[in-house]
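Asks: Sharing a structure here in structure tokens format.
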Amino acid sequence: MGRVANLYASAVGGKSRAQADTSGREAVERGTKPLLEVDGVTLQYKTKESLVTATYRVSFNVYQGDRYILLGPSGCGKSTLLKGVAGFLKPVEGDIRLNDRHIDGPGPDRMMVFQEFDQLLPWKTVRQNVLFPMKTCGKRECEDKADAVIEKVGLSKFANSYPHMLSGGMKQRVAIARAMAMEPDILLMDEPYAALDALTRRRMQDELLMLWDDIRFTVMFVTHSIQEAIIVGNRILVLSPHPGQVRAELNSDAHNRENVKDSSFADLEARINDMLFAEHAVVGAQGE
Ligand code: ADP
Ligand code: MG
């Protein structure tokens, strides 16, 4: 019995990690099968004059419920990787699979959530904003779905409000609700808070985590901030500078806003900092 229980614990990510997480946020329940598999992916841009290799043989897996971070310096290919996963750019080498299916183009199973200021239509209510991209269902069915997802993100009372009446955090919820109404398997966020001031950024990070606590979506999140990566993510893929290669994959599930002043947080931050500024890439190195 003990052995079976142990096997089960390791298959779902292990309860011990959940207990170690001081935020109360439980460890992601993890099946053995990845949701997204990025396998030896090289992505290039061909222009008339040149061939730019943006990422080189990058591999990683994202599991259901992951807050998976792509971290690396500007120009290392984070956005390009996200474009590859979104299906806008085809790998010249390697393969990207979602639910075991080869990704061959964009689809509603992967939704990009853009920055708040360029995504909500100001002349439409919350409900109309969520309904706007929904085209594949009948009117009534769409409305029911929109209402359900608005309730899920805790905005039922604001369904008939306009974006200017909402806080930044609430607008982010609407943006996520709108993406989730398409019932995607994974949300993609490319440096969503890069243009925000420090305090707003912090609030948006906390809001995102609160929403994750409620509904456990899977998100791939791009950032070049080490602290943001550790706070927002449960796993971090550290990429080397141009062309982006995997330096390490780290587990940051035990670290969060509440223990930002602990030495273990600072240790992880320093470790990532060293990796990012190391002279030579430790290609393919796997962290914990
Ligand atoms: P990051 O998001 O990490 O800052 P990007 O993925 O945007 O990096 O870019 C990776 C590399 O690919 C950079 O060298 C960038 O100049 C190059 N690149 C990005 N987009 C294009 C494009 N449309 N055409 C040519 N080169 C590009
Ligand atoms: Mg980018």
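The way I read the labels, and the way they are meant: chains A, B, ... in the order of the structure tokens, residue 1 as the first residue of every chain, and ligand 1 as the first ligand shown, with later ones counted on from there.
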Please tabulate, as a tab-separated table, the residues of chain A that come within 7 Å of ligand 1, each with its closest pair of atoms and the distance in Å to one decimal, counting only C-alpha atoms and all ligand atoms and ordering rows by chain, then residue number upward.
Replies:
```
residue	atom	partner	partner_atom_place_in_ligand_line	distance
A:Tyr45	CA	ligand 1	25 (C)	4.9
A:Lys46	CA	ligand 1	25 (C)	6.7
A:Thr47	CA	ligand 1	25 (C)	6.5
A:Val52	CA	ligand 1	26 (N)	5.7
A:Thr53	CA	ligand 1	12 (O)	6.7
A:Ala54	CA	ligand 1	11 (C)	4.3
A:Gly72	CA	ligand 1	3 (O)	6.4
A:Pro73	CA	ligand 1	3 (O)	6.1
A:Ser74	CA	ligand 1	4 (O)	3.6
A:Gly75	CA	ligand 1	8 (O)	3.4
A:Cys76	CA	ligand 1	3 (O)	4.0
A:Gly77	CA	ligand 1	6 (O)	3.2
A:Lys78	CA	ligand 1	3 (O)	3.8
A:Ser79	CA	ligand 1	2 (O)	3.7
A:Thr80	CA	ligand 1	6 (O)	3.7
A:Leu81	CA	ligand 1	6 (O)	6.5
A:His242	CA	ligand 1	14 (O)	6.1
A:Pro243	CA	ligand 1	11 (C)	7.0
```
Asks: Output as a list in words all residues of segment 78-108 of chain A that backbone DSSP marks as strand (DSSP E or B).
Replies: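 Across segment 78-108 of chain A, those assigned strand (DSSP E or B) are Glu93, Gly94, Asp95, Ile96, Arg97, Leu98, Arg101 and His102 of chain A.
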Asks: To one decimal in Å, tell me the separation between atom CA of Gln128 of chain A and atom CA of Gln64 of chain A.
Replies: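 Computed distance, atom CA of Gln128 of chain A to atom CA of Gln64 of chain A, equals 29.1 Å.
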Asks: Near Ile236 of chain A, counting only C-alpha atoms, which residues have an atom at most 7 Å away, once you skip same-chain residues fewer than 5 positions from it, shown as a VMD selection string?
Replies: chain A and resid 68 to 71 229 249 to 252
Asks: Name all residues at most 12 Å from Leu208 of chain A (count only C-alpha atoms; drop same-chain ones fewer than 3 positions away) and give them as a PyMOL selection string.
Replies: chain A and resi 67+113+153+168-177+187+189+192-193+201-205+211-219+221+228+231-233
Asks: Give me a file of those residues, with N, CA and C atoms, as a CSV table (one decimal), in the first residue's frame.
Replies:
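And here's result.csv as it stands now:
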```csv
chain,number,residue,atom,x,y,z
A,67,ARG,N,2.6,26.9,-14.5
A,67,ARG,CA,2.8,28.3,-14.9
A,67,ARG,C,4.3,28.3,-15.3
A,113,VAL,N,-2.8,35.9,-24.7
A,113,VAL,CA,-3.4,37.0,-23.9
A,113,VAL,C,-2.5,38.2,-24.0
A,153,VAL,N,-14.2,33.8,-13.5
A,153,VAL,CA,-13.1,34.7,-13.1
A,153,VAL,C,-13.6,35.8,-12.1
A,168,GLY,N,-7.0,47.6,-13.3
A,168,GLY,CA,-6.1,46.9,-14.2
A,168,GLY,C,-6.3,45.4,-14.0
A,169,GLY,N,-6.3,45.0,-12.7
A,169,GLY,CA,-6.4,43.5,-12.4
A,169,GLY,C,-7.7,42.9,-13.0
A,170,MET,N,-8.8,43.7,-12.9
A,170,MET,CA,-10.1,43.2,-13.4
A,170,MET,C,-10.0,43.1,-14.9
A,171,LYS,N,-9.4,44.1,-15.5
A,171,LYS,CA,-9.2,44.0,-17.0
A,171,LYS,C,-8.5,42.8,-17.4
A,172,GLN,N,-7.4,42.5,-16.6
A,172,GLN,CA,-6.7,41.2,-16.9
A,172,GLN,C,-7.6,40.0,-16.8
A,173,ARG,N,-8.5,40.0,-15.8
A,173,ARG,CA,-9.4,38.9,-15.7
A,173,ARG,C,-10.3,38.8,-16.9
A,174,VAL,N,-10.8,40.0,-17.4
A,174,VAL,CA,-11.6,40.0,-18.6
A,174,VAL,C,-10.8,39.4,-19.8
A,175,ALA,N,-9.6,39.8,-19.9
A,175,ALA,CA,-8.8,39.3,-21.0
A,175,ALA,C,-8.6,37.8,-21.0
A,176,ILE,N,-8.4,37.3,-19.8
A,176,ILE,CA,-8.2,35.9,-19.6
A,176,ILE,C,-9.5,35.2,-19.8
A,177,ALA,N,-10.6,35.8,-19.3
A,177,ALA,CA,-11.9,35.2,-19.6
A,177,ALA,C,-12.2,35.1,-21.0
A,187,LEU,N,-2.7,29.0,-22.2
A,187,LEU,CA,-2.7,30.4,-22.4
A,187,LEU,C,-1.3,30.9,-22.6
A,189,MET,N,1.3,34.1,-22.7
A,189,MET,CA,1.5,35.6,-22.3
A,189,MET,C,2.9,36.0,-22.5
A,192,PRO,N,3.6,40.3,-20.4
A,192,PRO,CA,2.4,41.1,-20.3
A,192,PRO,C,2.5,42.3,-19.4
A,193,TYR,N,3.5,42.4,-18.5
A,193,TYR,CA,3.6,43.5,-17.6
A,193,TYR,C,4.8,44.4,-17.8
A,201,ARG,N,2.6,46.4,-11.7
A,201,ARG,CA,3.1,45.1,-12.2
A,201,ARG,C,3.0,44.0,-11.0
A,202,ARG,N,3.3,44.5,-9.8
A,202,ARG,CA,3.2,43.6,-8.7
A,202,ARG,C,1.8,43.1,-8.5
A,203,ARG,N,0.9,44.1,-8.6
A,203,ARG,CA,-0.6,43.8,-8.4
A,203,ARG,C,-1.1,42.8,-9.4
A,204,MET,N,-0.6,43.1,-10.7
A,204,MET,CA,-1.1,42.2,-11.8
A,204,MET,C,-0.5,40.8,-11.6
A,205,GLN,N,0.7,40.6,-11.1
A,205,GLN,CA,1.3,39.3,-10.9
A,205,GLN,C,0.4,38.6,-9.8
A,211,LEU,N,-6.0,34.2,-9.5
A,211,LEU,CA,-6.9,33.6,-10.5
A,211,LEU,C,-6.5,32.2,-10.8
A,212,TRP,N,-5.2,32.0,-10.8
A,212,TRP,CA,-4.7,30.6,-11.0
A,212,TRP,C,-5.1,29.7,-9.9
A,213,ASP,N,-5.1,30.2,-8.7
A,213,ASP,CA,-5.5,29.5,-7.5
A,213,ASP,C,-7.0,29.0,-7.6
A,214,ASP,N,-7.8,29.9,-8.3
A,214,ASP,CA,-9.2,29.6,-8.4
A,214,ASP,C,-9.4,28.6,-9.5
A,215,ILE,N,-8.8,28.8,-10.7
A,215,ILE,CA,-9.2,28.0,-11.8
A,215,ILE,C,-8.1,27.1,-12.5
A,216,ARG,N,-6.9,27.2,-12.0
A,216,ARG,CA,-5.9,26.3,-12.4
A,216,ARG,C,-5.7,26.1,-13.9
A,217,PHE,N,-5.6,27.2,-14.6
A,217,PHE,CA,-5.3,27.1,-16.1
A,217,PHE,C,-3.8,26.8,-16.3
A,218,THR,N,-3.5,26.5,-17.5
A,218,THR,CA,-2.1,26.3,-17.9
A,218,THR,C,-1.6,27.5,-18.6
A,219,VAL,N,-0.5,28.0,-18.2
A,219,VAL,CA,0.0,29.2,-18.9
A,219,VAL,C,1.5,29.1,-19.2
A,221,PHE,N,4.5,31.8,-19.9
A,221,PHE,CA,4.6,33.2,-19.6
A,221,PHE,C,6.0,33.6,-19.9
A,228,GLU,N,10.2,38.2,-11.4
A,228,GLU,CA,8.9,37.9,-11.9
A,228,GLU,C,8.8,36.4,-12.2
A,231,ILE,N,8.4,34.4,-9.0
A,231,ILE,CA,7.1,34.6,-8.3
A,231,ILE,C,5.9,34.1,-9.1
A,232,VAL,N,5.9,34.3,-10.4
A,232,VAL,CA,4.8,33.9,-11.2
A,232,VAL,C,4.8,32.4,-11.5
A,233,GLY,N,6.0,31.9,-11.7
A,233,GLY,CA,6.1,30.5,-12.3
A,233,GLY,C,6.2,29.4,-11.3
```
Asks: Of the residues A:Ile96, A:Cys137, A:Val58, A:Val222, which is the one nearest to ligand 2, using only C-alpha atoms and all ligand atoms?
Replies: A:Val222
Asks: Pick from A:Arg271, A:Arg140, A:Arg247, A:Arg110: nearest to Ser59 of chain A, with only C-alpha atoms counted?
Replies: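 That would be A:Arg247, the residue with the smallest distance to Ser59 of chain A.
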Asks: For Ala266 of chain A, find every residue with an atom within 12 Å (counting only C-alpha atoms), except residues of its own chain fewer than 6 positions away, and show them as a list of chain:residue names.
Replies: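 My list of contacting residues is A:Ile226, A:Gln227, A:Ile230, A:Ile231, A:Ser252, A:His255, A:Asn256, A:Asn259, A:Val260, A:Ile272, A:Asn273.
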Asks: Name the residues of segment 40-259 of chain A that fall into helix (DSSP H, G or I) according to DSSP on the backbone, using the chain letters and numbers of this document, as a VMD selection string.
Replies: chain A and resid 78 to 86 116 to 118 126 to 131 139 to 152 156 to 158 163 to 165 168 to 180 198 to 215 226 to 232 257 to 259
Asks: At what distance in Å, to one decimal, does atom CA of Leu120 of chain A lie from atom CA of Lys83 of chain A?
Replies: 21.4 Å
